[in-house]
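Here is the file entry-v1.txt (compact mmCIF, C-alpha atoms).
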# COMPACT_ATOMS: atom_id res chain seq x y z
CA MET A 1 0.00 0.00 0.00
CA SER A 2 1.44 3.38 -0.96
CA ARG A 3 1.79 6.29 1.45
CA ARG A 4 -0.54 8.23 -0.80
CA ALA A 5 -3.31 5.71 -0.20
CA ALA A 6 -2.76 5.38 3.55
CA PRO A 7 -4.89 8.37 4.65
CA ALA A 8 -7.89 6.74 2.99
CA LEU A 9 -7.72 3.58 5.08
CA VAL A 10 -10.01 4.73 7.88
CA ALA A 11 -12.70 5.84 5.45
CA ILE A 12 -12.40 2.79 3.25
CA THR A 13 -12.65 0.53 6.31
CA LEU A 14 -16.10 1.96 7.04
CA PHE A 15 -17.05 1.36 3.45
CA VAL A 16 -15.79 -2.17 3.00
CA SER A 17 -17.29 -3.36 6.26
CA ALA A 18 -20.63 -2.84 4.55
CA LEU A 19 -19.61 -4.30 1.23
CA VAL A 20 -18.23 -7.70 2.20
CA GLY A 21 -20.10 -10.14 0.00
CA CYS A 22 -21.60 -7.23 -1.92
CA SER A 23 -22.04 -9.22 -5.12
CA ALA A 24 -23.67 -12.16 -3.37
CA ASP A 25 -27.44 -12.44 -3.72
CA ARG A 26 -28.34 -12.27 -0.05
CA GLU A 27 -29.80 -9.86 2.45
CA PRO A 28 -27.29 -7.51 4.11
CA ALA A 29 -26.96 -7.33 7.88
CA GLU A 30 -27.50 -3.61 8.07
CA ARG A 31 -27.69 -0.37 6.15
CA VAL A 32 -24.61 1.81 6.23
CA ASP A 33 -24.49 5.58 5.83
CA VAL A 34 -21.54 6.41 3.61
CA PRO A 35 -20.00 9.86 4.15
CA THR A 36 -20.38 12.31 1.28
CA PRO A 37 -17.15 12.67 -0.73
CA GLN A 38 -15.47 16.07 -0.77
CA ALA A 39 -15.62 18.17 -3.91
CA THR A 40 -12.23 18.30 -5.59
CA ALA A 41 -12.96 18.77 -9.29
CA SER A 42 -13.91 21.84 -11.28
CA VAL A 43 -16.72 21.82 -13.81
CA ALA A 44 -15.73 21.65 -17.46
CA PRO A 45 -17.93 22.42 -20.48
CA PRO A 46 -19.66 19.45 -22.16
CA VAL A 47 -17.67 17.74 -24.90
CA SER A 48 -18.23 14.92 -27.35
CA PRO A 49 -16.78 11.46 -26.63
CA ALA A 50 -13.30 10.72 -27.92
CA ALA A 51 -14.46 8.19 -30.53
CA PRO A 52 -14.89 9.67 -34.00
CA ALA A 53 -18.40 9.70 -35.43
CA GLY A 54 -19.46 6.26 -36.57
CA SER A 55 -22.14 3.61 -36.25
CA ALA A 56 -22.29 0.69 -33.86
CA PRO A 57 -23.10 -2.74 -35.32
CA GLU A 58 -26.79 -3.32 -35.83
CA ASP A 59 -26.53 -7.10 -35.72
CA THR A 60 -26.31 -9.25 -32.61
CA PHE A 61 -23.20 -11.43 -32.46
CA ALA A 62 -22.53 -14.97 -31.39
CA LEU A 63 -20.29 -15.16 -28.34
CA GLY A 64 -16.86 -16.49 -27.60
CA VAL A 65 -15.13 -16.72 -24.23
CA ARG A 66 -11.55 -17.31 -23.15
CA GLN A 67 -9.37 -17.07 -20.05
CA LEU A 68 -6.12 -15.14 -19.74
CA LYS A 69 -3.68 -16.06 -16.98
CA LEU A 70 -2.06 -12.80 -15.90
CA ASN A 71 0.05 -11.85 -12.90
CA ARG A 72 1.06 -8.32 -11.94
CA ASP A 73 4.45 -7.95 -10.28
CA GLY A 74 4.69 -11.69 -9.78
CA ASP A 75 2.52 -11.73 -6.65
CA ARG A 76 -0.88 -10.56 -7.90
CA PRO A 77 -2.49 -13.31 -9.96
CA LEU A 78 -5.15 -11.80 -12.22
CA PRO A 79 -7.03 -14.35 -14.28
CA VAL A 80 -9.14 -12.46 -16.80
CA THR A 81 -12.34 -13.71 -18.40
CA VAL A 82 -12.83 -12.30 -21.90
CA TRP A 83 -16.17 -12.39 -23.69
CA TYR A 84 -16.09 -11.29 -27.33
CA PRO A 85 -18.16 -11.19 -30.53
CA ALA A 86 -17.70 -14.49 -32.33
CA ALA A 87 -18.27 -15.75 -35.85
CA GLY A 88 -21.42 -17.77 -36.40
CA ARG A 89 -25.10 -17.55 -35.63
CA ALA A 90 -26.14 -15.40 -32.66
CA GLY A 91 -27.76 -17.05 -29.68
CA GLY A 92 -26.78 -19.79 -27.31
CA GLU A 93 -24.04 -19.98 -24.73
CA PRO A 94 -20.57 -18.45 -25.22
CA ALA A 95 -18.27 -20.92 -26.97
CA SER A 96 -14.81 -21.40 -25.51
CA GLY A 97 -12.10 -20.39 -27.95
CA ALA A 98 -14.53 -19.54 -30.77
CA ASP A 99 -13.23 -17.62 -33.76
CA ALA A 100 -13.76 -13.89 -33.42
CA ALA A 101 -16.23 -12.13 -35.67
CA ASP A 102 -14.93 -9.83 -38.38
CA GLY A 103 -14.50 -6.23 -37.30
CA LYS A 104 -12.70 -3.97 -34.84
CA PHE A 105 -14.40 -4.03 -31.44
CA PRO A 106 -14.05 -1.59 -28.51
CA VAL A 107 -12.91 -2.95 -25.16
CA ILE A 108 -14.68 -2.74 -21.79
CA MET A 109 -12.81 -3.53 -18.56
CA PHE A 110 -15.24 -4.76 -15.88
CA SER A 111 -14.51 -4.99 -12.13
CA HIS A 112 -16.54 -7.28 -9.87
CA GLY A 113 -17.73 -6.51 -6.33
CA LEU A 114 -16.32 -7.81 -3.06
CA GLY A 115 -16.82 -11.54 -2.70
CA GLY A 116 -17.72 -11.77 -6.38
CA ARG A 117 -16.34 -13.14 -9.61
CA PRO A 118 -16.75 -12.07 -13.24
CA ASP A 119 -19.18 -14.86 -14.10
CA ASP A 120 -21.61 -13.51 -11.50
CA TYR A 121 -22.29 -10.73 -14.01
CA GLU A 122 -22.35 -12.89 -17.13
CA SER A 123 -25.94 -11.99 -18.02
CA LEU A 124 -25.05 -8.31 -18.35
CA LEU A 125 -21.54 -8.68 -19.75
CA THR A 126 -22.55 -11.09 -22.49
CA ARG A 127 -25.23 -8.64 -23.60
CA TRP A 128 -22.50 -6.09 -24.11
CA ALA A 129 -20.34 -8.58 -25.97
CA SER A 130 -23.21 -9.63 -28.24
CA ALA A 131 -23.70 -5.94 -29.12
CA GLY A 132 -20.15 -5.68 -30.44
CA PHE A 133 -17.80 -5.17 -27.48
CA VAL A 134 -14.91 -7.17 -26.09
CA VAL A 135 -15.46 -7.41 -22.34
CA ALA A 136 -12.48 -8.27 -20.13
CA ALA A 137 -13.10 -8.93 -16.44
CA PRO A 138 -10.25 -9.63 -13.99
CA THR A 139 -10.72 -11.78 -10.91
CA PHE A 140 -8.98 -9.78 -8.20
CA PRO A 141 -6.58 -11.69 -5.93
CA LYS A 142 -7.73 -10.47 -2.52
CA THR A 143 -11.38 -9.45 -2.93
CA SER A 144 -12.89 -12.31 -4.95
CA ARG A 145 -14.90 -15.29 -3.80
CA GLY A 146 -12.65 -18.28 -3.32
CA GLY A 147 -9.54 -16.17 -3.69
CA GLY A 148 -7.96 -17.45 -0.46
CA GLU A 149 -6.40 -14.40 1.17
CA ASN A 150 -9.16 -11.82 1.67
CA ASN A 151 -8.21 -8.20 2.28
CA VAL A 152 -10.96 -5.71 1.62
CA LEU A 153 -8.53 -2.78 1.77
CA ASP A 154 -6.89 -4.24 -1.32
CA VAL A 155 -9.64 -2.52 -3.32
CA LEU A 156 -7.25 0.44 -3.36
CA ASN A 157 -4.76 -1.59 -5.40
CA GLN A 158 -7.29 -2.66 -7.99
CA PRO A 159 -7.21 0.35 -10.34
CA ALA A 160 -3.57 -0.53 -11.04
CA ASP A 161 -4.62 -4.16 -11.59
CA VAL A 162 -7.14 -3.07 -14.20
CA SER A 163 -4.61 -0.86 -15.98
CA TYR A 164 -2.14 -3.75 -16.09
CA ALA A 165 -4.78 -6.15 -17.40
CA LEU A 166 -5.87 -3.61 -19.99
CA THR A 167 -2.32 -3.34 -21.32
CA ARG A 168 -2.12 -7.11 -21.69
CA VAL A 169 -5.55 -7.36 -23.33
CA LEU A 170 -4.80 -4.62 -25.87
CA ALA A 171 -1.52 -6.36 -26.74
CA LEU A 172 -3.54 -9.31 -28.11
CA ASP A 173 -4.46 -7.16 -31.09
CA ALA A 174 -0.88 -7.38 -32.37
CA ARG A 175 0.02 -10.89 -31.23
CA ASP A 176 0.68 -13.33 -34.05
CA GLY A 177 -1.75 -16.22 -34.03
CA ASP A 178 -4.02 -14.83 -31.33
CA PRO A 179 -7.76 -15.21 -32.00
CA LEU A 180 -8.23 -11.49 -31.28
CA ARG A 181 -5.38 -10.32 -33.50
CA GLY A 182 -6.62 -7.35 -35.52
CA ARG A 183 -10.01 -7.44 -33.79
CA LEU A 184 -9.56 -4.84 -31.03
CA ALA A 185 -10.26 -1.11 -31.36
CA THR A 186 -7.38 -0.32 -29.03
CA ASP A 187 -8.17 3.41 -28.94
CA ARG A 188 -11.75 2.87 -27.76
CA VAL A 189 -11.82 1.62 -24.19
CA ALA A 190 -14.22 2.00 -21.24
CA ALA A 191 -14.17 0.86 -17.62
CA ALA A 192 -17.16 -0.40 -15.64
CA GLY A 193 -17.69 -1.97 -12.24
CA HIS A 194 -20.15 -2.83 -9.49
CA SER A 195 -19.92 -1.84 -5.82
CA ALA A 196 -16.26 -2.28 -4.79
CA GLY A 197 -15.64 -2.71 -8.50
CA ALA A 198 -17.30 0.67 -8.96
CA VAL A 199 -14.81 2.13 -6.47
CA THR A 200 -12.11 0.57 -8.65
CA THR A 201 -13.67 2.14 -11.73
CA ILE A 202 -13.93 5.60 -10.18
CA GLY A 203 -10.29 5.27 -9.16
CA LEU A 204 -9.35 4.80 -12.80
CA PHE A 205 -10.67 8.29 -13.50
CA THR A 206 -9.33 9.96 -10.33
CA ALA A 207 -6.23 9.01 -8.31
CA GLY A 208 -5.27 6.22 -10.70
CA ARG A 209 -6.32 7.95 -13.93
CA ASP A 210 -5.75 5.77 -16.97
CA GLU A 211 -5.79 8.09 -19.97
CA ARG A 212 -6.68 5.25 -22.32
CA LEU A 213 -10.20 5.19 -20.91
CA ALA A 214 -12.81 7.11 -22.87
CA ALA A 215 -15.89 6.37 -20.72
CA GLY A 216 -17.03 4.83 -17.45
CA VAL A 217 -20.07 2.96 -16.12
CA VAL A 218 -20.46 2.97 -12.33
CA PHE A 219 -22.92 0.56 -10.69
CA ALA A 220 -23.75 1.26 -7.02
CA GLY A 221 -20.48 3.01 -6.37
CA THR A 222 -18.87 5.48 -4.02
CA ALA A 223 -15.51 7.26 -4.07
CA LEU A 224 -14.23 6.41 -0.60
CA GLY A 225 -10.53 5.70 -0.83
CA VAL A 226 -10.12 6.99 -4.39
CA GLY A 227 -11.58 10.49 -4.16
CA THR A 228 -13.43 12.69 -6.62
CA ALA A 229 -10.48 14.48 -8.24
CA PHE A 230 -11.56 13.48 -11.73
CA ALA A 231 -8.58 14.10 -13.97
CA GLY A 232 -7.35 14.00 -17.54
CA ALA A 233 -9.31 14.21 -20.76
CA ALA A 234 -13.09 14.31 -20.52
CA ALA A 235 -14.62 10.84 -20.30
CA PRO A 236 -18.43 10.59 -20.17
CA GLN A 237 -19.79 8.69 -17.17
CA LEU A 238 -23.00 6.74 -16.61
CA PHE A 239 -23.94 6.03 -13.00
CA VAL A 240 -26.53 3.35 -12.18
CA HIS A 241 -27.88 3.20 -8.63
CA GLY A 242 -30.89 1.76 -6.83
CA GLN A 243 -32.62 4.26 -4.57
CA ALA A 244 -33.35 1.45 -2.10
CA ASP A 245 -29.70 0.35 -2.02
CA GLU A 246 -29.16 -1.15 1.43
CA VAL A 247 -25.35 -1.26 1.22
CA VAL A 248 -24.14 1.92 -0.49
CA GLN A 249 -26.77 4.57 0.02
CA TYR A 250 -28.12 6.24 -3.08
CA ALA A 251 -27.13 9.66 -1.73
CA ALA A 252 -23.50 8.55 -1.57
CA GLY A 253 -23.46 7.53 -5.22
CA LYS A 254 -25.31 10.69 -6.24
CA ALA A 255 -22.75 12.80 -4.38
CA VAL A 256 -19.94 11.34 -6.48
CA TYR A 257 -21.96 11.73 -9.65
CA ASP A 258 -22.47 15.39 -8.85
CA LYS A 259 -18.69 15.91 -8.80
CA VAL A 260 -18.09 14.47 -12.27
CA PRO A 261 -16.99 17.43 -14.43
CA TRP A 262 -17.68 15.71 -17.77
CA PRO A 263 -20.76 14.68 -19.76
CA LYS A 264 -22.71 12.37 -17.48
CA ALA A 265 -26.01 10.69 -16.77
CA MET A 266 -27.46 8.84 -13.78
CA LEU A 267 -29.94 6.00 -14.14
CA SER A 268 -31.89 5.75 -10.88
CA LEU A 269 -34.13 2.80 -10.00
CA PRO A 270 -36.59 3.83 -7.24
CA ASP A 271 -37.16 0.21 -6.17
CA GLY A 272 -33.61 -0.92 -6.98
CA ASP A 273 -31.40 -2.51 -4.33
CA HIS A 274 -27.62 -3.00 -4.37
CA GLY A 275 -27.62 -4.52 -7.82
CA ARG A 276 -29.23 -7.94 -7.55
CA ALA A 277 -30.86 -7.37 -10.95
CA LEU A 278 -27.37 -7.56 -12.44
CA LEU A 279 -26.93 -11.02 -10.92
CA ARG A 280 -30.30 -12.65 -11.50
CA GLY A 281 -30.00 -12.68 -15.27
CA GLU A 282 -33.60 -11.79 -15.99
CA GLY A 283 -36.35 -9.29 -15.32
CA ALA A 284 -37.35 -5.78 -16.31
CA ALA A 285 -34.64 -4.06 -14.28
CA LEU A 286 -31.86 -5.98 -16.00
CA ARG A 287 -33.35 -5.19 -19.41
CA VAL A 288 -33.46 -1.47 -18.65
CA VAL A 289 -29.93 -1.43 -17.23
CA ALA A 290 -28.52 -3.53 -20.07
CA ASP A 291 -30.24 -1.52 -22.81
CA THR A 292 -29.34 1.86 -21.32
CA THR A 293 -25.70 0.99 -20.71
CA THR A 294 -25.39 -0.58 -24.16
CA GLU A 295 -26.64 2.57 -25.88
CA PHE A 296 -24.27 4.66 -23.76
CA LEU A 297 -21.33 2.46 -24.76
CA ARG A 298 -22.34 2.54 -28.41
CA TRP A 299 -22.26 6.32 -28.27
CA THR A 300 -19.04 6.74 -26.32
CA LEU A 301 -16.99 3.97 -27.95
CA TYR A 302 -18.42 3.78 -31.47
CA GLY A 303 -19.24 7.49 -31.76
CA ASP A 304 -22.81 6.54 -32.66
CA ALA A 305 -24.92 9.71 -32.37
CA GLU A 306 -28.17 7.79 -32.90
CA ALA A 307 -27.35 5.58 -29.92
CA LYS A 308 -27.05 8.68 -27.75
CA LYS A 309 -30.56 9.70 -28.81
CA ARG A 310 -31.85 6.27 -27.78
CA ILE A 311 -30.50 6.44 -24.22
CA PRO A 312 -33.57 8.22 -22.74
CA THR A 313 -35.90 5.77 -24.48
CA ALA A 314 -34.01 2.76 -23.12
CA ALA A 315 -34.02 4.28 -19.62
CA SER A 316 -37.78 4.91 -19.64
CA ARG A 317 -38.78 1.39 -20.60
CA ASP A 318 -41.41 -0.10 -18.27
CA ASP A 319 -41.35 3.08 -16.13
CA ILE A 320 -39.05 1.53 -13.54
CA ALA A 321 -36.19 4.04 -13.74
CA THR A 322 -35.49 7.73 -14.16
CA LEU A 323 -32.61 9.35 -16.02
CA ASP A 324 -30.74 12.50 -15.08
CA ASP A 325 -29.28 13.28 -18.50
CA ASN A 326 -26.35 15.67 -18.73
CA LEU A 327 -24.68 14.06 -21.73
Write out the structure in this file as structure tokens.
Amino acid sequence: MSRRAAPALVAITLFVSALVGCSADREPAERVDVPTPQATASVAPPVSPAAPAGSAPEDTFALGVRQLKLNRDGDRPLPVTVWYPAAGRAGGEPASGADAADGKFPVIMFSHGLGGRPDDYESLLTRWASAGFVVAAPTFPKTSRGGGENNVLDVLNQPADVSYALTRVLALDARDGDPLRGRLATDRVAAAGHSAGAVTTIGLFTAGRDERLAAGVVFAGTALGVGTAFAGAAAPQLFVHGQADEVVQYAAGKAVYDKVPWPKAMLSLPDGDHGRALLRGEGAALRVVADTTTEFLRWTLYGDAEAKKRIPTAASRDDIATLDDNL
């Protein structure tokens, strides 16, 4: 742990005590009031996403899946699950090692919650992949289920893990013989995460800013430990938060959202909890979240202006969510 991160330990301890097992589908022991983050960023004028104007694929893709065995610094094993658009007929389960579809696909780095694993979120992440994105999700060494040594404070090290994994994933585009050679849009990358993974994601735009990231999706997140000093080039952000969240209060997520100085939107689910809809794999809430985030990613990573116009429509489906749209 760096000296720079040390002052955050007291605050992050309060946070993680509430988030242990945050990605498990179970009732929490208690509700925790998360302190409001301090304002540290100035407001910048709205800008367009970094991706040049273009159109996202209209077709739905078949799915491939593979595992990368990575290790940062020799003592941080980081297996990464990669879902990607595959050749063949759409539908069915992801096929291990399937040939990639033709095209250049943007990359999304996804971070799981405490006590979770990437496959907990497969229903959402495969929807993104079938829409034309390569989704890479590390299993973190000290905050995942079944990871052995559990250290919730290790969340503060995870932004660097994601940056390392991103470098290795993007390198596949130039690796001879790799199934993803020539298939990655290496200049079009987003980060997303749930709960503690959302803290990780926010950290990638603040204290651990990775300038390769053009957009972020934050599910049930707060900025404790990583701060709200959003830095670098403008990167649109989409926050998703249940107003009945029993682990990270809605007000805490909204407070961080309010500090984002870039184009942003917040999808609020009045009856939404800490994100169980992301784990159940079905239902109206998952459809709304999946459709809204997909249109956001099509806009920010493909430069698809029509997708941006569809974001409010996707958010209003079934009248179960509201959208604060400052994109």
Do you have, as a Markdown table, the list of residues of range 68-107 of chain A lying at most 10 Å from range 147-167 of chain A, each with its nearest atom pair and that distance in Å to one decimal, counting all atoms listed in the file and ordered by chain then number?
| residue | atom | partner | partner_atom | distance |
| --- | --- | --- | --- | --- |
| A:Leu68 | CA | A:Ala165 | CA | 9.4 |
| A:Lys69 | CA | A:Ala165 | CA | 10.0 |
| A:Leu70 | CA | A:Ala165 | CA | 7.3 |
| A:Asn71 | CA | A:Ala165 | CA | 8.7 |
| A:Arg72 | CA | A:Tyr164 | CA | 7.0 |
| A:Asp73 | CA | A:Tyr164 | CA | 9.7 |
| A:Arg76 | CA | A:Asp161 | CA | 8.3 |
| A:Pro77 | CA | A:Asp161 | CA | 9.5 |
| A:Leu78 | CA | A:Ala165 | CA | 7.7 |
| A:Pro79 | CA | A:Ala165 | CA | 9.1 |
| A:Val80 | CA | A:Ala165 | CA | 7.7 |
| A:Val107 | CA | A:Leu166 | CA | 8.8 |
With C-alpha atoms retained, write the just-selected residues as a short mmCIF file (atom, residue, chain, number, x, y, z; two decimals), in the coordinates of the input.
data_model
loop_
_atom_site.label_atom_id
_atom_site.label_comp_id
_atom_site.auth_asym_id
_atom_site.auth_seq_id
_atom_site.Cartn_x
_atom_site.Cartn_y
_atom_site.Cartn_z
CA LEU A 68 -6.12 -15.14 -19.74
CA LYS A 69 -3.68 -16.06 -16.98
CA LEU A 70 -2.06 -12.80 -15.90
CA ASN A 71 0.05 -11.85 -12.90
CA ARG A 72 1.06 -8.32 -11.94
CA ASP A 73 4.45 -7.95 -10.28
CA ARG A 76 -0.88 -10.56 -7.90
CA PRO A 77 -2.49 -13.31 -9.96
CA LEU A 78 -5.15 -11.80 -12.22
CA PRO A 79 -7.03 -14.35 -14.28
CA VAL A 80 -9.14 -12.46 -16.80
CA VAL A 107 -12.91 -2.95 -25.16
#
Go through A:Thr294, A:Thr60, A:Ser195, A:Gln67 one by one, measure the shortest atom-to-atom distance of each to Glu246 in chain A using all atoms listed in the file, and give the residue with the smallest value.
-> A:Ser195
All residues 10 Å or closer to range 308-313 of chain A, only C-alpha atoms, same chain fewer than 5 positions away omitted, as number ranges by chain | A: 265, 267, 288, 291-300, 303, 322-325, 327
Write out as a tab-separated table the residues of range 204-295 of chain A that have any atom within 12 Å of an atom of range 110-119 of chain A, one row each with the nearest atom pair and its distance in Å to one decimal, counting all atoms listed in the file, sorted by chain and then rising number.
residue	atom	partner	partner_atom	distance
A:Leu204	CA	A:Ser111	CA	11.1
A:Gly216	CA	A:Phe110	CA	9.9
A:Val217	CA	A:Phe110	CA	9.1
A:Val218	CA	A:Ser111	CA	9.9
A:Phe219	CA	A:Gly113	CA	9.8
A:Ala220	CA	A:Gly113	CA	9.9
A:Gly221	CA	A:Gly113	CA	9.9
A:Val247	CA	A:Gly113	CA	11.9
A:His274	CA	A:Gly113	CA	10.7
A:Gly275	CA	A:Gly113	CA	10.2
A:Arg276	CA	A:Gly113	CA	11.7
A:Leu278	CA	A:Asp119	CA	11.1
A:Leu279	CA	A:Asp119	CA	9.2
A:Arg280	CA	A:Asp119	CA	11.6
A:Gly281	CA	A:Asp119	CA	11.1
Identify the residues within 12 Å of coordinate (-27.3, -19.9, -25.3) (same frame as the file), considering only C-alpha atoms, and give the answer as a list of chain:residue names.
-> A:Phe61, A:Ala62, A:Leu63, A:Gly64, A:Arg89, A:Ala90, A:Gly91, A:Gly92, A:Glu93, A:Pro94, A:Ala95, A:Glu122, A:Ser123, A:Thr126, A:Arg127, A:Ser130
Export of prior selection with C-alpha atoms as a tab-separated table (two decimals), in the frame of the given file:
chain	number	residue	atom	x	y	z
A	61	PHE	CA	-23.20	-11.43	-32.46
A	62	ALA	CA	-22.53	-14.97	-31.39
A	63	LEU	CA	-20.29	-15.16	-28.34
A	64	GLY	CA	-16.86	-16.49	-27.60
A	89	ARG	CA	-25.10	-17.55	-35.63
A	90	ALA	CA	-26.14	-15.40	-32.66
A	91	GLY	CA	-27.76	-17.05	-29.68
A	92	GLY	CA	-26.78	-19.79	-27.31
A	93	GLU	CA	-24.04	-19.98	-24.73
A	94	PRO	CA	-20.57	-18.45	-25.22
A	95	ALA	CA	-18.27	-20.92	-26.97
A	122	GLU	CA	-22.35	-12.89	-17.13
A	123	SER	CA	-25.94	-11.99	-18.02
A	126	THR	CA	-22.55	-11.09	-22.49
A	127	ARG	CA	-25.23	-8.64	-23.60
A	130	SER	CA	-23.21	-9.63	-28.24
Please provide the set of residues having any atom within 12 Å of Arg66 in chain A, restricted to all atoms listed in the file, with same-chain residues fewer than 5 positions apart removed, written as a list in words.
-> Pro79, Val80, Thr81, Val82, Trp83, Tyr84, Pro85, Ala86, Pro94, Ala95, Ser96, Gly97, Ala98, Asp99, Ala100, Val134, Val135, Ala136, Ala137, Val169, Asp178, Pro179 and Leu180 of chain A
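Of note, CA of Ala315 in chain A and CA of Phe230 in chain A are spaced 25.5 Å apart.
Atom to atom, CA of Ala305 in chain A and CA of Glu282 in chain A stand 28.4 Å apart.
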Looking at all atoms listed in the file, which of A:Gly146, A:Pro261, A:Gly272, A:Gly232 is the one that sits closest to Val248 in chain A?
-> A:Gly272
Find the smallest box with edges along x, y and z containing every listed atom of range 224-227 of chain A, then add 6 Å on each side and report centre and edge lengths in Å to one decimal, as lines of an AutoDock Vina configuration file.
center_x = -12.2
center_y = 8.1
center_z = -2.5
size_x = 16.1
size_y = 16.8
size_z = 15.8
A:Pro141, A:Pro263, A:Gly242, A:Gly253: which is nearest Ile320 in chain A, counting only C-alpha atoms?
->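 Among the listed residues, A:Gly242 lies closest to Ile320 in chain A.
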Of the residues A:Leu301, A:Ala207, A:Leu286, A:Ala277, which is the one nearest to Ala235 in chain A, using only C-alpha atoms?
->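 Among A:Leu301, A:Ala207, A:Leu286, A:Ala277, it is A:Leu301 that comes nearest to Ala235 in chain A.
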When you draw a straight line from CA of Arg183 in chain A to CA of Leu125 in chain A, how long is it in Å?
->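 Atom-to-atom, CA of Arg183 in chain A to CA of Leu125 in chain A, that is 18.2 Å.
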Counting only C-alpha atoms, the option among A:Gln237, A:Thr228, A:Gln243, A:Thr200 closest to Asp271 in chain A |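 Comparing A:Gln237, A:Thr228, A:Gln243, A:Thr200 against Asp271 in chain A, the winner is A:Gln243.
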May I have the residues within 9 Å of Leu213 in chain A as a VMD selection string, using only C-alpha atoms and disregarding those fewer than 4 positions away in the same chain?
-> chain A and resid 187 to 191 204 to 205 209 235
Can you complete the atoms of range 278-290 of chain A to N, CA and C atoms and list them as a PDB file, in the coordinates of the input?
ATOM      1  N   LEU A 278     -28.515  -7.247 -11.592  1.00  0.00           N
ATOM      2  CA  LEU A 278     -27.370  -7.560 -12.440  1.00  0.00           C
ATOM      3  C   LEU A 278     -26.972  -9.026 -12.313  1.00  0.00           C
ATOM      4  N   LEU A 279     -27.366  -9.658 -11.211  1.00  0.00           N
ATOM      5  CA  LEU A 279     -26.930 -11.020 -10.920  1.00  0.00           C
ATOM      6  C   LEU A 279     -27.985 -12.068 -11.251  1.00  0.00           C
ATOM      7  N   ARG A 280     -29.237 -11.673 -11.299  1.00  0.00           N
ATOM      8  CA  ARG A 280     -30.300 -12.650 -11.500  1.00  0.00           C
ATOM      9  C   ARG A 280     -30.417 -13.114 -12.935  1.00  0.00           C
ATOM     10  N   GLY A 281     -29.999 -12.276 -13.878  1.00  0.00           N
ATOM     11  CA  GLY A 281     -30.000 -12.680 -15.270  1.00  0.00           C
ATOM     12  C   GLY A 281     -31.329 -12.582 -15.968  1.00  0.00           C
ATOM     13  N   GLU A 282     -32.302 -11.920 -15.356  1.00  0.00           N
ATOM     14  CA  GLU A 282     -33.600 -11.790 -15.990  1.00  0.00           C
ATOM     15  C   GLU A 282     -34.356 -10.652 -15.340  1.00  0.00           C
ATOM     16  N   GLY A 283     -35.495 -10.297 -15.926  1.00  0.00           N
ATOM     17  CA  GLY A 283     -36.350  -9.290 -15.320  1.00  0.00           C
ATOM     18  C   GLY A 283     -36.242  -7.935 -15.987  1.00  0.00           C
ATOM     19  N   ALA A 284     -37.251  -7.098 -15.678  1.00  0.00           N
ATOM     20  CA  ALA A 284     -37.350  -5.780 -16.310  1.00  0.00           C
ATOM     21  C   ALA A 284     -36.185  -4.883 -15.948  1.00  0.00           C
ATOM     22  N   ALA A 285     -35.734  -4.940 -14.688  1.00  0.00           N
ATOM     23  CA  ALA A 285     -34.640  -4.060 -14.280  1.00  0.00           C
ATOM     24  C   ALA A 285     -33.363  -4.356 -15.049  1.00  0.00           C
ATOM     25  N   LEU A 286     -33.051  -5.633 -15.239  1.00  0.00           N
ATOM     26  CA  LEU A 286     -31.860  -5.980 -16.000  1.00  0.00           C
ATOM     27  C   LEU A 286     -31.985  -5.508 -17.445  1.00  0.00           C
ATOM     28  N   ARG A 287     -33.162  -5.639 -18.026  1.00  0.00           N
ATOM     29  CA  ARG A 287     -33.350  -5.190 -19.410  1.00  0.00           C
ATOM     30  C   ARG A 287     -33.093  -3.690 -19.530  1.00  0.00           C
ATOM     31  N   VAL A 288     -33.643  -2.923 -18.595  1.00  0.00           N
ATOM     32  CA  VAL A 288     -33.460  -1.470 -18.650  1.00  0.00           C
ATOM     33  C   VAL A 288     -31.993  -1.102 -18.454  1.00  0.00           C
ATOM     34  N   VAL A 289     -31.349  -1.720 -17.482  1.00  0.00           N
ATOM     35  CA  VAL A 289     -29.930  -1.430 -17.230  1.00  0.00           C
ATOM     36  C   VAL A 289     -29.083  -1.846 -18.417  1.00  0.00           C
ATOM     37  N   ALA A 290     -29.313  -3.037 -18.948  1.00  0.00           N
ATOM     38  CA  ALA A 290     -28.520  -3.530 -20.070  1.00  0.00           C
ATOM     39  C   ALA A 290     -28.720  -2.655 -21.310  1.00  0.00           C
TER      40      ALA A 290
END
